[in-house]
Amino acid sequence: MRKTILLFAFILQAISLQAQEFDKFFEDNTLRIDYVLSGNNKSQAIYVKELCKKDLWAGRKARLTEEFLSGNGQLRVYDHESGKLIYVHAFSTLFQEWLLEEEATRVSRAFEVSYNVPFPKRPVDVKVTLTDNHRKVIAEMKHTVDPADILIRKTGDNGIPYKYIMKNGDISDCIDLAFVAEGYTADEMEKFYTDCNRAVEALFTHEPFTTLKSKFNVVAVAPVSKDSGPSVPHKGVWHATALNSHYDTFYSNRYLTTSSDHRLNDILSCVPFEHVIILVNTPIYGGGGIFNEWLTTSTDHPTFKQVLVHEFGHSYAGLADEYAYGEQVEPPYPADTEPWEPNITTKKDFDSKWKDMMGRDGVSLFEGAGYMKTGCYRPVENCRMRVNEVPNFCPVCTRAILRITDFYTAK
């Protein structure tokens, strides 16, 4: 009993110290930093575009300096005076995906990204790092943010309607999902809210999200598009929509994305959020998910619900695709590097993955994952991250989702 009491006291003390650490360095508000990533497969650069301040902070207030998953990039915040690391955010980007495309060998392009961090009480140094598929640094930049800077733009109520679809608690206690309307005209907004309810039903009827449902809030944000549906370049269709989304990303017909990240965050300036689901008003199959950035999905295709859950695995939990394509010019997961994603392995450092789960519930090593037929392995024969027909996530993906949810909701 005494040991239990001591352990409980230790946990309470740790929680108190974490809260004090947040309050020491940060306000309960949000600093949004807009960047532009540019370059080609030989040279990359990072630029600051704009700083914004938003009321309230929806993110975590504990485990602030922990890099739970490394992603393909990291943003680190340091106290300017002491040099102490005070916040870490990991992410992936569409830009880094594009760097593996053939086009990147002959063209330079620029991509938008936006990241939210707690608003600092005093000057901080922000360091942004991009890494390649060998997890080596390819671009890095550092800049100082003075919270008293008069050019930090204040954002807030933008007049865009929103309403909560599901509210299970305060933003400090729950993970806040924002559904954003894309390609919905003013006359189609009731359809958007119906699609939001369909999305909530899809997501929370899949384990482990069914069990985790009480940890989430869902808000629907409804910007009006001039035209109905996204652009479809391979059909010569170009529409004026809230987020300028389109198929044919990287010339792949079904890859439906947006490049308007700064606009997306302006649309979301009216609500607290942590993760973004863009519902695209179209019957054409397509979508995409980028870790800690956003996911897109087509609402009227018969596989809408399955695709939504799969893409959320990418954007929320950093899960990799477990299917394989043919041979590629450059393997996305080289043999000399262990992938950061929790559900695939090259066996370079298998001890860090699901070695402890081998032999349970069909968990083993199945070759063919991460778009590669050989050299990359998945944990089970079939999972939600491999085929749409599987109803739930495998044990390895389930554990990864549970762990990252604990990370996001840490007190």
# chains A, B, ... in the order shown; residues from 1 in each chain; ligands from 1
$ residues_around --residues "Thr398 (chain A)" --least-positions-apart "3" --cutoff "12 Å" --atoms "only C-alpha atoms" --output "PyMOL selection string"
chain A and resi 206-212+313+317+319+342-343+354+379+383-385+392-395+401-405
$ residues_around --residues "region 172-186 of chain A" --least-positions-apart "2" --cutoff "6 Å" --atoms "only C-alpha atoms" --output "compact mmCIF listing (two decimals) with all heavy atoms, in the first residue's frame"
# COMPACT_ATOMS: atom_id res chain seq x y z
N ASP A 170 -13.70 19.76 -22.49
CA ASP A 170 -12.97 20.99 -22.75
C ASP A 170 -11.83 20.72 -23.73
O ASP A 170 -11.33 19.59 -23.82
CB ASP A 170 -12.42 21.54 -21.44
CG ASP A 170 -11.80 22.92 -21.61
OD1 ASP A 170 -12.57 23.89 -21.69
OD2 ASP A 170 -10.55 23.01 -21.68
N GLU A 188 -25.24 23.80 -50.64
CA GLU A 188 -24.89 22.41 -50.30
C GLU A 188 -24.41 22.25 -48.85
O GLU A 188 -23.93 21.19 -48.47
CB GLU A 188 -23.80 21.91 -51.25
CG GLU A 188 -24.25 21.79 -52.70
CD GLU A 188 -23.12 21.42 -53.63
OE1 GLU A 188 -22.05 22.08 -53.56
OE2 GLU A 188 -23.29 20.48 -54.45
N MET A 189 -24.55 23.28 -48.04
CA MET A 189 -24.01 23.21 -46.69
C MET A 189 -24.75 22.23 -45.78
O MET A 189 -24.13 21.63 -44.89
CB MET A 189 -23.97 24.60 -46.05
CG MET A 189 -22.76 25.39 -46.46
SD MET A 189 -21.23 24.47 -46.19
CE MET A 189 -20.14 25.34 -47.31
N LYS A 215 -12.52 10.81 -25.89
CA LYS A 215 -11.34 11.67 -25.87
C LYS A 215 -11.33 12.69 -27.01
O LYS A 215 -10.38 13.46 -27.14
CB LYS A 215 -10.07 10.82 -25.94
CG LYS A 215 -9.84 9.94 -24.71
CD LYS A 215 -8.55 9.17 -24.83
CE LYS A 215 -8.30 8.31 -23.58
NZ LYS A 215 -7.94 9.13 -22.42
N PHE A 216 -12.39 12.72 -27.83
CA PHE A 216 -12.40 13.58 -29.01
C PHE A 216 -13.55 14.58 -28.99
O PHE A 216 -14.66 14.26 -28.55
CB PHE A 216 -12.52 12.73 -30.28
CG PHE A 216 -11.28 11.97 -30.63
CD1 PHE A 216 -11.02 10.73 -30.06
CD2 PHE A 216 -10.37 12.48 -31.54
CE1 PHE A 216 -9.88 10.02 -30.38
CE2 PHE A 216 -9.23 11.78 -31.87
CZ PHE A 216 -8.98 10.55 -31.29
N ASN A 217 -13.26 15.77 -29.49
CA ASN A 217 -14.28 16.74 -29.92
C ASN A 217 -14.22 16.85 -31.43
O ASN A 217 -13.14 16.72 -32.02
CB ASN A 217 -14.02 18.12 -29.32
CG ASN A 217 -14.16 18.16 -27.81
OD1 ASN A 217 -14.96 17.42 -27.23
ND2 ASN A 217 -13.39 19.01 -27.16
N VAL A 218 -15.36 17.12 -32.06
CA VAL A 218 -15.39 17.30 -33.52
C VAL A 218 -16.16 18.58 -33.84
O VAL A 218 -17.32 18.73 -33.44
CB VAL A 218 -16.06 16.11 -34.22
CG1 VAL A 218 -16.15 16.37 -35.73
CG2 VAL A 218 -15.29 14.82 -33.95
N VAL A 219 -15.51 19.50 -34.55
CA VAL A 219 -16.16 20.74 -34.97
C VAL A 219 -16.19 20.79 -36.50
O VAL A 219 -15.21 20.40 -37.16
CB VAL A 219 -15.43 21.98 -34.39
CG1 VAL A 219 -14.00 22.09 -34.89
CG2 VAL A 219 -16.21 23.25 -34.69
N ALA A 220 -17.30 21.21 -37.05
CA ALA A 220 -17.47 21.32 -38.51
C ALA A 220 -17.35 22.78 -38.91
O ALA A 220 -18.09 23.63 -38.40
CB ALA A 220 -18.82 20.76 -38.93
N VAL A 221 -16.43 23.09 -39.82
CA VAL A 221 -16.19 24.46 -40.28
C VAL A 221 -16.59 24.53 -41.75
O VAL A 221 -16.15 23.72 -42.56
CB VAL A 221 -14.71 24.86 -40.09
CG1 VAL A 221 -14.50 26.32 -40.49
CG2 VAL A 221 -14.28 24.62 -38.65
N ALA A 222 -17.43 25.52 -42.08
CA ALA A 222 -18.15 25.49 -43.36
C ALA A 222 -17.86 26.68 -44.28
O ALA A 222 -18.74 27.51 -44.55
CB ALA A 222 -19.65 25.42 -43.08
N VAL A 224 -17.66 28.52 -47.75
CA VAL A 224 -18.44 28.33 -48.98
C VAL A 224 -17.52 28.36 -50.19
O VAL A 224 -16.63 29.21 -50.30
CB VAL A 224 -19.52 29.43 -49.12
CG1 VAL A 224 -20.21 29.35 -50.46
CG2 VAL A 224 -20.53 29.30 -47.98
N SER A 225 -17.73 27.42 -51.10
CA SER A 225 -17.01 27.41 -52.38
C SER A 225 -17.90 27.96 -53.48
O SER A 225 -19.12 27.77 -53.46
CB SER A 225 -16.58 25.98 -52.74
OG SER A 225 -15.60 25.49 -51.86
N LYS A 226 -17.29 28.64 -54.43
CA LYS A 226 -18.06 29.17 -55.57
C LYS A 226 -18.59 28.03 -56.43
O LYS A 226 -19.74 28.06 -56.89
CB LYS A 226 -17.18 30.10 -56.40
CG LYS A 226 -17.87 30.69 -57.62
CD LYS A 226 -16.94 31.65 -58.36
CE LYS A 226 -17.61 32.24 -59.60
NZ LYS A 226 -17.85 31.22 -60.64
N SER A 228 -19.07 23.71 -57.14
CA SER A 228 -19.29 22.45 -56.45
C SER A 228 -18.26 21.42 -56.89
O SER A 228 -18.09 21.15 -58.08
CB SER A 228 -20.70 21.93 -56.76
OG SER A 228 -20.93 20.70 -56.13
N GLY A 229 -17.57 20.85 -55.91
CA GLY A 229 -16.59 19.81 -56.21
C GLY A 229 -15.22 20.36 -56.51
O GLY A 229 -15.05 21.53 -56.86
N PRO A 230 -14.18 19.51 -56.38
CA PRO A 230 -12.80 19.95 -56.59
C PRO A 230 -12.44 20.00 -58.07
O PRO A 230 -13.22 19.60 -58.93
CB PRO A 230 -12.00 18.84 -55.88
CG PRO A 230 -12.84 17.61 -56.13
CD PRO A 230 -14.27 18.08 -56.03
N THR A 241 -12.74 26.81 -55.47
CA THR A 241 -13.21 26.25 -54.21
C THR A 241 -12.44 26.89 -53.04
O THR A 241 -11.43 27.57 -53.23
CB THR A 241 -13.01 24.73 -54.17
OG1 THR A 241 -11.62 24.42 -54.34
CG2 THR A 241 -13.82 24.05 -55.27
N ALA A 242 -12.92 26.64 -51.84
CA ALA A 242 -12.35 27.27 -50.65
C ALA A 242 -10.87 26.96 -50.48
O ALA A 242 -10.08 27.81 -50.05
CB ALA A 242 -13.12 26.82 -49.41
N PHE A 273 -8.26 23.73 -32.77
CA PHE A 273 -8.17 22.43 -33.43
C PHE A 273 -6.76 21.87 -33.28
O PHE A 273 -5.80 22.60 -33.05
CB PHE A 273 -8.52 22.54 -34.91
CG PHE A 273 -7.44 23.20 -35.75
CD1 PHE A 273 -6.49 22.44 -36.41
CD2 PHE A 273 -7.36 24.59 -35.83
CE1 PHE A 273 -5.48 23.06 -37.15
CE2 PHE A 273 -6.36 25.21 -36.57
CZ PHE A 273 -5.42 24.43 -37.22
N GLU A 274 -6.65 20.55 -33.44
CA GLU A 274 -5.36 19.88 -33.45
C GLU A 274 -5.13 19.06 -34.71
O GLU A 274 -4.01 18.95 -35.18
CB GLU A 274 -5.24 18.97 -32.22
CG GLU A 274 -5.22 19.73 -30.90
CD GLU A 274 -5.39 18.80 -29.72
OE1 GLU A 274 -4.38 18.21 -29.29
OE2 GLU A 274 -6.53 18.66 -29.23
N HIS A 275 -6.20 18.47 -35.23
CA HIS A 275 -6.10 17.65 -36.44
C HIS A 275 -7.20 18.05 -37.41
O HIS A 275 -8.29 18.45 -36.98
CB HIS A 275 -6.17 16.17 -36.10
CG HIS A 275 -5.05 15.71 -35.22
ND1 HIS A 275 -3.83 15.32 -35.72
CD2 HIS A 275 -4.95 15.62 -33.88
CE1 HIS A 275 -3.02 15.00 -34.72
NE2 HIS A 275 -3.70 15.18 -33.59
N VAL A 276 -6.92 17.92 -38.70
CA VAL A 276 -7.82 18.45 -39.73
C VAL A 276 -8.24 17.35 -40.69
O VAL A 276 -7.39 16.61 -41.21
CB VAL A 276 -7.13 19.58 -40.53
CG1 VAL A 276 -8.08 20.13 -41.59
CG2 VAL A 276 -6.68 20.69 -39.59
N ILE A 277 -9.54 17.25 -40.93
CA ILE A 277 -10.11 16.35 -41.93
C ILE A 277 -10.86 17.19 -42.94
O ILE A 277 -11.82 17.87 -42.59
CB ILE A 277 -11.05 15.32 -41.27
CG1 ILE A 277 -10.27 14.42 -40.31
CG2 ILE A 277 -11.77 14.49 -42.33
CD1 ILE A 277 -11.13 13.45 -39.53
N ILE A 278 -10.39 17.19 -44.17
CA ILE A 278 -11.01 17.97 -45.24
C ILE A 278 -11.97 17.06 -46.00
O ILE A 278 -11.54 16.08 -46.64
CB ILE A 278 -9.95 18.56 -46.19
CG1 ILE A 278 -8.97 19.44 -45.41
CG2 ILE A 278 -10.61 19.35 -47.32
CD1 ILE A 278 -7.75 19.86 -46.23
N LEU A 279 -13.25 17.37 -45.92
CA LEU A 279 -14.27 16.60 -46.63
C LEU A 279 -14.50 17.25 -47.99
O LEU A 279 -14.94 18.41 -48.07
CB LEU A 279 -15.57 16.56 -45.83
CG LEU A 279 -15.48 15.90 -44.44
CD1 LEU A 279 -16.86 15.86 -43.79
CD2 LEU A 279 -14.90 14.49 -44.53
N VAL A 280 -14.17 16.51 -49.05
CA VAL A 280 -14.24 17.05 -50.40
C VAL A 280 -15.50 16.53 -51.08
O VAL A 280 -15.71 15.31 -51.18
CB VAL A 280 -12.99 16.69 -51.22
CG1 VAL A 280 -13.00 17.42 -52.56
CG2 VAL A 280 -11.71 17.02 -50.43
N ASN A 281 -16.32 17.44 -51.55
CA ASN A 281 -17.64 17.14 -52.08
C ASN A 281 -17.54 16.59 -53.50
O ASN A 281 -17.69 17.31 -54.49
CB ASN A 281 -18.47 18.43 -52.06
CG ASN A 281 -19.92 18.22 -52.47
OD1 ASN A 281 -20.46 17.14 -52.31
ND2 ASN A 281 -20.53 19.27 -53.00
$ select_by_dssp --residues "region 197-375 of chain A" --states "helix (DSSP H, G or I)" --output "PyMOL selection string"
chain A and resi 197-204+209-215+233-235+249-251+261-270+304-317+350-352+355-357
$ write_last_selection --atoms "N, CA and C atoms" --output "short mmCIF file (atom, residue, chain, number, x, y, z; two decimals), in the first residue's frame"
data_model
loop_
_atom_site.label_atom_id
_atom_site.label_comp_id
_atom_site.auth_asym_id
_atom_site.auth_seq_id
_atom_site.Cartn_x
_atom_site.Cartn_y
_atom_site.Cartn_z
N ASN A 197 -21.54 14.08 -40.10
CA ASN A 197 -22.10 13.04 -39.24
C ASN A 197 -21.77 11.65 -39.76
N ARG A 198 -21.76 11.49 -41.07
CA ARG A 198 -21.36 10.21 -41.66
C ARG A 198 -19.90 9.92 -41.34
N ALA A 199 -19.07 10.96 -41.38
CA ALA A 199 -17.65 10.79 -41.09
C ALA A 199 -17.42 10.40 -39.64
N VAL A 200 -18.14 11.05 -38.72
CA VAL A 200 -18.03 10.71 -37.31
C VAL A 200 -18.44 9.26 -37.08
N GLU A 201 -19.54 8.86 -37.72
CA GLU A 201 -20.00 7.48 -37.59
C GLU A 201 -18.94 6.51 -38.11
N ALA A 202 -18.35 6.83 -39.25
CA ALA A 202 -17.33 5.95 -39.84
C ALA A 202 -16.13 5.80 -38.92
N LEU A 203 -15.64 6.91 -38.43
CA LEU A 203 -14.42 6.90 -37.63
C LEU A 203 -14.61 6.16 -36.31
N PHE A 204 -15.71 6.45 -35.64
CA PHE A 204 -15.87 5.94 -34.28
C PHE A 204 -16.63 4.62 -34.21
N PHE A 209 -10.86 3.47 -32.19
CA PHE A 209 -11.48 4.78 -32.01
C PHE A 209 -12.84 4.70 -31.31
N THR A 210 -13.51 3.56 -31.42
CA THR A 210 -14.76 3.40 -30.68
C THR A 210 -14.51 3.54 -29.18
N THR A 211 -13.48 2.85 -28.71
CA THR A 211 -13.13 2.92 -27.29
C THR A 211 -12.63 4.31 -26.90
N LEU A 212 -11.99 4.99 -27.83
CA LEU A 212 -11.37 6.29 -27.55
C LEU A 212 -12.31 7.47 -27.80
N LYS A 213 -13.54 7.21 -28.16
CA LYS A 213 -14.46 8.26 -28.61
C LYS A 213 -14.58 9.41 -27.62
N SER A 214 -14.60 9.12 -26.33
CA SER A 214 -14.79 10.16 -25.32
C SER A 214 -13.62 11.13 -25.24
N LYS A 215 -12.52 10.81 -25.89
CA LYS A 215 -11.34 11.67 -25.87
C LYS A 215 -11.33 12.69 -27.01
N PRO A 233 -7.92 17.97 -63.00
CA PRO A 233 -7.09 18.40 -64.13
C PRO A 233 -7.08 17.44 -65.32
N HIS A 234 -7.05 16.12 -65.06
CA HIS A 234 -6.96 15.19 -66.20
C HIS A 234 -8.24 15.17 -67.03
N LYS A 235 -9.30 15.79 -66.49
CA LYS A 235 -10.54 15.95 -67.27
C LYS A 235 -10.72 17.39 -67.74
N THR A 249 -2.50 15.12 -58.10
CA THR A 249 -1.29 15.50 -57.38
C THR A 249 -0.16 14.56 -57.79
N PHE A 250 0.97 15.13 -58.15
CA PHE A 250 2.12 14.37 -58.67
C PHE A 250 1.73 13.54 -59.90
N TYR A 251 0.70 14.02 -60.63
CA TYR A 251 0.19 13.39 -61.84
C TYR A 251 -0.43 12.01 -61.57
N ASP A 261 -2.27 25.51 -47.70
CA ASP A 261 -2.21 25.31 -46.25
C ASP A 261 -2.43 26.60 -45.47
N HIS A 262 -1.89 27.72 -45.97
CA HIS A 262 -2.07 28.98 -45.26
C HIS A 262 -3.54 29.40 -45.27
N ARG A 263 -4.19 29.21 -46.39
CA ARG A 263 -5.61 29.50 -46.49
C ARG A 263 -6.41 28.59 -45.55
N LEU A 264 -6.05 27.32 -45.50
CA LEU A 264 -6.71 26.38 -44.61
C LEU A 264 -6.66 26.86 -43.16
N ASN A 265 -5.50 27.32 -42.73
CA ASN A 265 -5.36 27.79 -41.36
C ASN A 265 -6.07 29.12 -41.12
N ASP A 266 -6.19 29.95 -42.15
CA ASP A 266 -7.03 31.15 -42.01
C ASP A 266 -8.48 30.76 -41.79
N ILE A 267 -8.95 29.76 -42.54
CA ILE A 267 -10.33 29.28 -42.38
C ILE A 267 -10.56 28.75 -40.97
N LEU A 268 -9.54 28.14 -40.39
CA LEU A 268 -9.67 27.52 -39.08
C LEU A 268 -9.35 28.48 -37.93
N SER A 269 -9.14 29.75 -38.24
CA SER A 269 -8.77 30.70 -37.18
C SER A 269 -9.91 30.93 -36.18
N CYS A 270 -11.12 30.49 -36.53
CA CYS A 270 -12.28 30.71 -35.67
C CYS A 270 -12.47 29.62 -34.63
N PHE A 304 -16.11 5.85 -49.16
CA PHE A 304 -15.82 7.04 -48.34
C PHE A 304 -15.43 6.69 -46.91
N LYS A 305 -16.23 5.86 -46.26
CA LYS A 305 -15.99 5.58 -44.84
C LYS A 305 -14.68 4.82 -44.64
N GLN A 306 -14.41 3.85 -45.49
CA GLN A 306 -13.17 3.08 -45.36
C GLN A 306 -11.94 3.94 -45.62
N VAL A 307 -12.00 4.76 -46.67
CA VAL A 307 -10.86 5.61 -47.01
C VAL A 307 -10.60 6.64 -45.92
N LEU A 308 -11.67 7.22 -45.38
CA LEU A 308 -11.52 8.19 -44.30
C LEU A 308 -10.73 7.60 -43.13
N VAL A 309 -11.10 6.41 -42.71
CA VAL A 309 -10.43 5.78 -41.57
C VAL A 309 -8.98 5.48 -41.90
N HIS A 310 -8.73 4.98 -43.10
CA HIS A 310 -7.35 4.68 -43.53
C HIS A 310 -6.50 5.95 -43.53
N GLU A 311 -7.00 7.01 -44.13
CA GLU A 311 -6.22 8.25 -44.22
C GLU A 311 -6.02 8.88 -42.84
N PHE A 312 -6.98 8.69 -41.94
CA PHE A 312 -6.81 9.20 -40.58
C PHE A 312 -5.67 8.45 -39.88
N GLY A 313 -5.48 7.20 -40.23
CA GLY A 313 -4.34 6.46 -39.71
C GLY A 313 -3.03 7.15 -40.06
N HIS A 314 -2.95 7.71 -41.27
CA HIS A 314 -1.76 8.47 -41.69
C HIS A 314 -1.64 9.78 -40.91
N SER A 315 -2.68 10.61 -41.00
CA SER A 315 -2.56 11.99 -40.53
C SER A 315 -2.55 12.08 -39.01
N TYR A 316 -3.24 11.18 -38.34
CA TYR A 316 -3.35 11.24 -36.88
C TYR A 316 -2.24 10.45 -36.19
N ALA A 317 -2.03 9.22 -36.63
CA ALA A 317 -1.14 8.31 -35.89
C ALA A 317 0.19 8.06 -36.59
N PHE A 350 14.46 -3.68 -35.60
CA PHE A 350 13.15 -4.30 -35.34
C PHE A 350 12.80 -4.31 -33.86
N ASP A 351 13.81 -4.26 -32.98
CA ASP A 351 13.54 -4.24 -31.55
C ASP A 351 12.66 -3.05 -31.15
N SER A 352 12.75 -1.95 -31.93
CA SER A 352 11.98 -0.75 -31.62
C SER A 352 10.55 -0.82 -32.14
N LYS A 355 8.55 -6.39 -32.16
CA LYS A 355 9.20 -7.65 -31.80
C LYS A 355 8.56 -8.27 -30.56
N ASP A 356 8.17 -7.42 -29.61
CA ASP A 356 7.56 -7.91 -28.37
C ASP A 356 6.16 -8.49 -28.58
N MET A 357 5.57 -8.26 -29.77
CA MET A 357 4.21 -8.75 -30.03
C MET A 357 4.19 -9.95 -30.98
#
$ closest_residue --among "A:Asn116, A:Ser92, A:Asn292, A:Ser364" --to "Lys53 (chain A)" --atoms "only C-alpha atoms"
A:Asn116
$ residues_around --residues "Tyr87 (chain A)" --least-positions-apart "5" --cutoff "8 Å" --atoms "only C-alpha atoms" --output "JSON, numbers by chain"
{"A": [64, 65, 66, 76, 77, 78, 117]}
$ atom_distance --atom1 "CA of Thr303 (chain A)" --atom2 "CA of Met372 (chain A)"
24.2 Å
$ select_by_dssp --residues "region 276-391 of chain A" --states "strand (DSSP E or B)" --output "list in words"
Val276, Ile277, Ile278, Leu279, Val280, Gly287, Gly288, Gly289, Ile290, Trp294, Leu295, Thr296, Thr297, Ser298, Ala324, Thr345, Phe366, Glu367, Gly368, Ala369, Tyr371, Met372, Lys373, Thr374, Gly375, Cys376, Tyr377 and Arg378 of chain A
$ atom_distance --atom1 "CA of His134 (chain A)" --atom2 "CA of Tyr247 (chain A)"
28.9 Å
$ residues_around --residues "Thr345 (chain A)" --least-positions-apart "2" --cutoff "9 Å" --atoms "only C-alpha atoms" --output "count of residues only"
20
$ atom_distance --atom1 "CA of Ala324 (chain A)" --atom2 "CA of Gly288 (chain A)"
16.5 Å
$ residues_around --residues "Tyr285 (chain A)" --least-positions-apart "4" --cutoff "9 Å" --atoms "only C-alpha atoms" --output "list in words"
Arg254, Tyr255, Leu256, Thr297, Ser298, Thr299, Asp300, His301, Pro302, Thr303 and Phe304 of chain A
$ residues_around --residues "Val88 (chain A)" --least-positions-apart "5" --cutoff "12 Å" --atoms "only C-alpha atoms" --output "VMD selection string"
chain A and resid 59 to 71 73 to 78 115 to 118 126 to 129
$ write_last_selection --atoms "N, CA, C and O atoms" --output "compact mmCIF listing (two decimals), in the first residue's frame"
# COMPACT_ATOMS: atom_id res chain seq x y z
N GLY A 59 -3.61 22.32 -27.99
CA GLY A 59 -2.68 21.20 -27.97
C GLY A 59 -2.32 20.71 -26.58
O GLY A 59 -2.90 21.13 -25.58
N ARG A 60 -1.34 19.85 -26.53
CA ARG A 60 -0.93 19.25 -25.26
C ARG A 60 -0.21 20.26 -24.38
O ARG A 60 0.44 21.17 -24.87
N LYS A 61 -0.29 20.04 -23.07
CA LYS A 61 0.42 20.87 -22.11
C LYS A 61 1.41 20.06 -21.27
O LYS A 61 1.97 20.57 -20.30
N ALA A 62 1.60 18.81 -21.65
CA ALA A 62 2.57 17.94 -20.98
C ALA A 62 3.36 17.20 -22.06
O ALA A 62 3.00 17.25 -23.25
N ARG A 63 4.43 16.55 -21.65
CA ARG A 63 5.32 15.86 -22.59
C ARG A 63 5.73 16.81 -23.71
O ARG A 63 5.78 16.46 -24.88
N LEU A 64 5.99 18.05 -23.32
CA LEU A 64 6.19 19.14 -24.29
C LEU A 64 7.42 18.97 -25.15
O LEU A 64 7.43 19.39 -26.32
N THR A 65 8.47 18.37 -24.61
CA THR A 65 9.73 18.28 -25.37
C THR A 65 9.98 16.87 -25.90
O THR A 65 11.07 16.57 -26.37
N GLU A 66 8.97 16.04 -25.82
CA GLU A 66 9.12 14.66 -26.29
C GLU A 66 8.84 14.56 -27.79
O GLU A 66 7.82 15.04 -28.28
N GLU A 67 9.74 13.91 -28.51
CA GLU A 67 9.53 13.65 -29.93
C GLU A 67 8.94 12.25 -30.04
O GLU A 67 9.66 11.26 -30.22
N PHE A 68 7.62 12.15 -29.92
CA PHE A 68 6.97 10.84 -29.84
C PHE A 68 7.17 10.05 -31.14
O PHE A 68 7.52 8.87 -31.11
N LEU A 69 6.90 10.67 -32.26
CA LEU A 69 7.25 10.13 -33.58
C LEU A 69 8.06 11.21 -34.27
O LEU A 69 7.74 12.40 -34.17
N SER A 70 9.08 10.82 -35.01
CA SER A 70 9.95 11.84 -35.59
C SER A 70 9.38 12.46 -36.86
O SER A 70 9.73 13.58 -37.22
N GLY A 71 8.47 11.74 -37.56
CA GLY A 71 7.97 12.26 -38.81
C GLY A 71 9.11 12.48 -39.80
O GLY A 71 10.22 11.96 -39.65
N GLY A 73 9.95 15.64 -40.41
CA GLY A 73 10.42 16.96 -40.04
C GLY A 73 10.08 17.25 -38.60
O GLY A 73 9.18 16.62 -38.01
N GLN A 74 10.80 18.19 -38.02
CA GLN A 74 10.59 18.54 -36.63
C GLN A 74 10.68 20.06 -36.47
O GLN A 74 11.52 20.71 -37.11
N LEU A 75 9.84 20.57 -35.61
CA LEU A 75 9.91 21.97 -35.21
C LEU A 75 10.20 21.99 -33.71
O LEU A 75 9.48 21.38 -32.92
N ARG A 76 11.28 22.67 -33.34
CA ARG A 76 11.69 22.73 -31.93
C ARG A 76 11.71 24.19 -31.48
O ARG A 76 12.25 25.05 -32.19
N VAL A 77 11.16 24.42 -30.31
CA VAL A 77 11.11 25.77 -29.74
C VAL A 77 12.04 25.82 -28.53
O VAL A 77 11.95 24.98 -27.64
N TYR A 78 12.93 26.83 -28.50
CA TYR A 78 13.89 27.00 -27.42
C TYR A 78 13.67 28.35 -26.75
O TYR A 78 13.41 29.35 -27.43
N TYR A 115 2.30 25.67 -38.90
CA TYR A 115 2.40 24.90 -37.66
C TYR A 115 1.98 25.75 -36.48
O TYR A 115 2.31 26.94 -36.40
N ASN A 116 1.27 25.12 -35.55
CA ASN A 116 0.81 25.78 -34.33
C ASN A 116 1.66 25.34 -33.15
O ASN A 116 1.90 24.14 -32.97
N VAL A 117 2.09 26.30 -32.34
CA VAL A 117 2.81 26.02 -31.10
C VAL A 117 2.20 26.90 -30.02
O VAL A 117 1.51 27.89 -30.32
N PRO A 118 2.41 26.57 -28.74
CA PRO A 118 1.91 27.46 -27.69
C PRO A 118 2.54 28.84 -27.82
O PRO A 118 3.73 28.97 -28.17
N VAL A 126 13.07 29.33 -32.83
CA VAL A 126 12.35 28.22 -33.46
C VAL A 126 13.25 27.61 -34.52
O VAL A 126 13.74 28.30 -35.42
N LYS A 127 13.47 26.32 -34.41
CA LYS A 127 14.31 25.60 -35.36
C LYS A 127 13.47 24.58 -36.11
O LYS A 127 12.81 23.74 -35.52
N VAL A 128 13.49 24.65 -37.44
CA VAL A 128 12.73 23.74 -38.29
C VAL A 128 13.71 22.86 -39.07
O VAL A 128 14.65 23.38 -39.68
N THR A 129 13.48 21.56 -39.04
CA THR A 129 14.38 20.60 -39.69
C THR A 129 13.57 19.68 -40.59
O THR A 129 12.52 19.17 -40.20
$ residues_around --residues "Ile33 (chain A)" --least-positions-apart "5" --cutoff "8 Å" --atoms "only C-alpha atoms" --output "PyMOL selection string"
chain A and resi 48-52+114-116
$ write_last_selection --atoms "N, CA and C atoms" --output "short mmCIF file (atom, residue, chain, number, x, y, z; two decimals), in the first residue's frame"
data_model
loop_
_atom_site.label_atom_id
_atom_site.label_comp_id
_atom_site.auth_asym_id
_atom_site.auth_seq_id
_atom_site.Cartn_x
_atom_site.Cartn_y
_atom_site.Cartn_z
N VAL A 48 10.31 31.65 -43.60
CA VAL A 48 9.18 32.12 -42.81
C VAL A 48 8.37 33.09 -43.65
N LYS A 49 7.05 32.91 -43.66
CA LYS A 49 6.18 33.82 -44.40
C LYS A 49 5.45 34.78 -43.46
N GLU A 50 4.85 34.24 -42.38
CA GLU A 50 4.04 35.09 -41.52
C GLU A 50 3.88 34.44 -40.14
N LEU A 51 3.67 35.29 -39.13
CA LEU A 51 3.35 34.84 -37.77
C LEU A 51 1.96 35.33 -37.40
N CYS A 52 1.19 34.48 -36.73
CA CYS A 52 -0.16 34.85 -36.31
C CYS A 52 -0.38 34.44 -34.85
N SER A 114 1.89 25.21 -42.38
CA SER A 114 1.62 26.03 -41.20
C SER A 114 1.69 25.15 -39.97
N TYR A 115 2.30 25.67 -38.90
CA TYR A 115 2.40 24.90 -37.66
C TYR A 115 1.98 25.75 -36.48
N ASN A 116 1.27 25.12 -35.55
CA ASN A 116 0.81 25.78 -34.33
C ASN A 116 1.66 25.34 -33.15
#
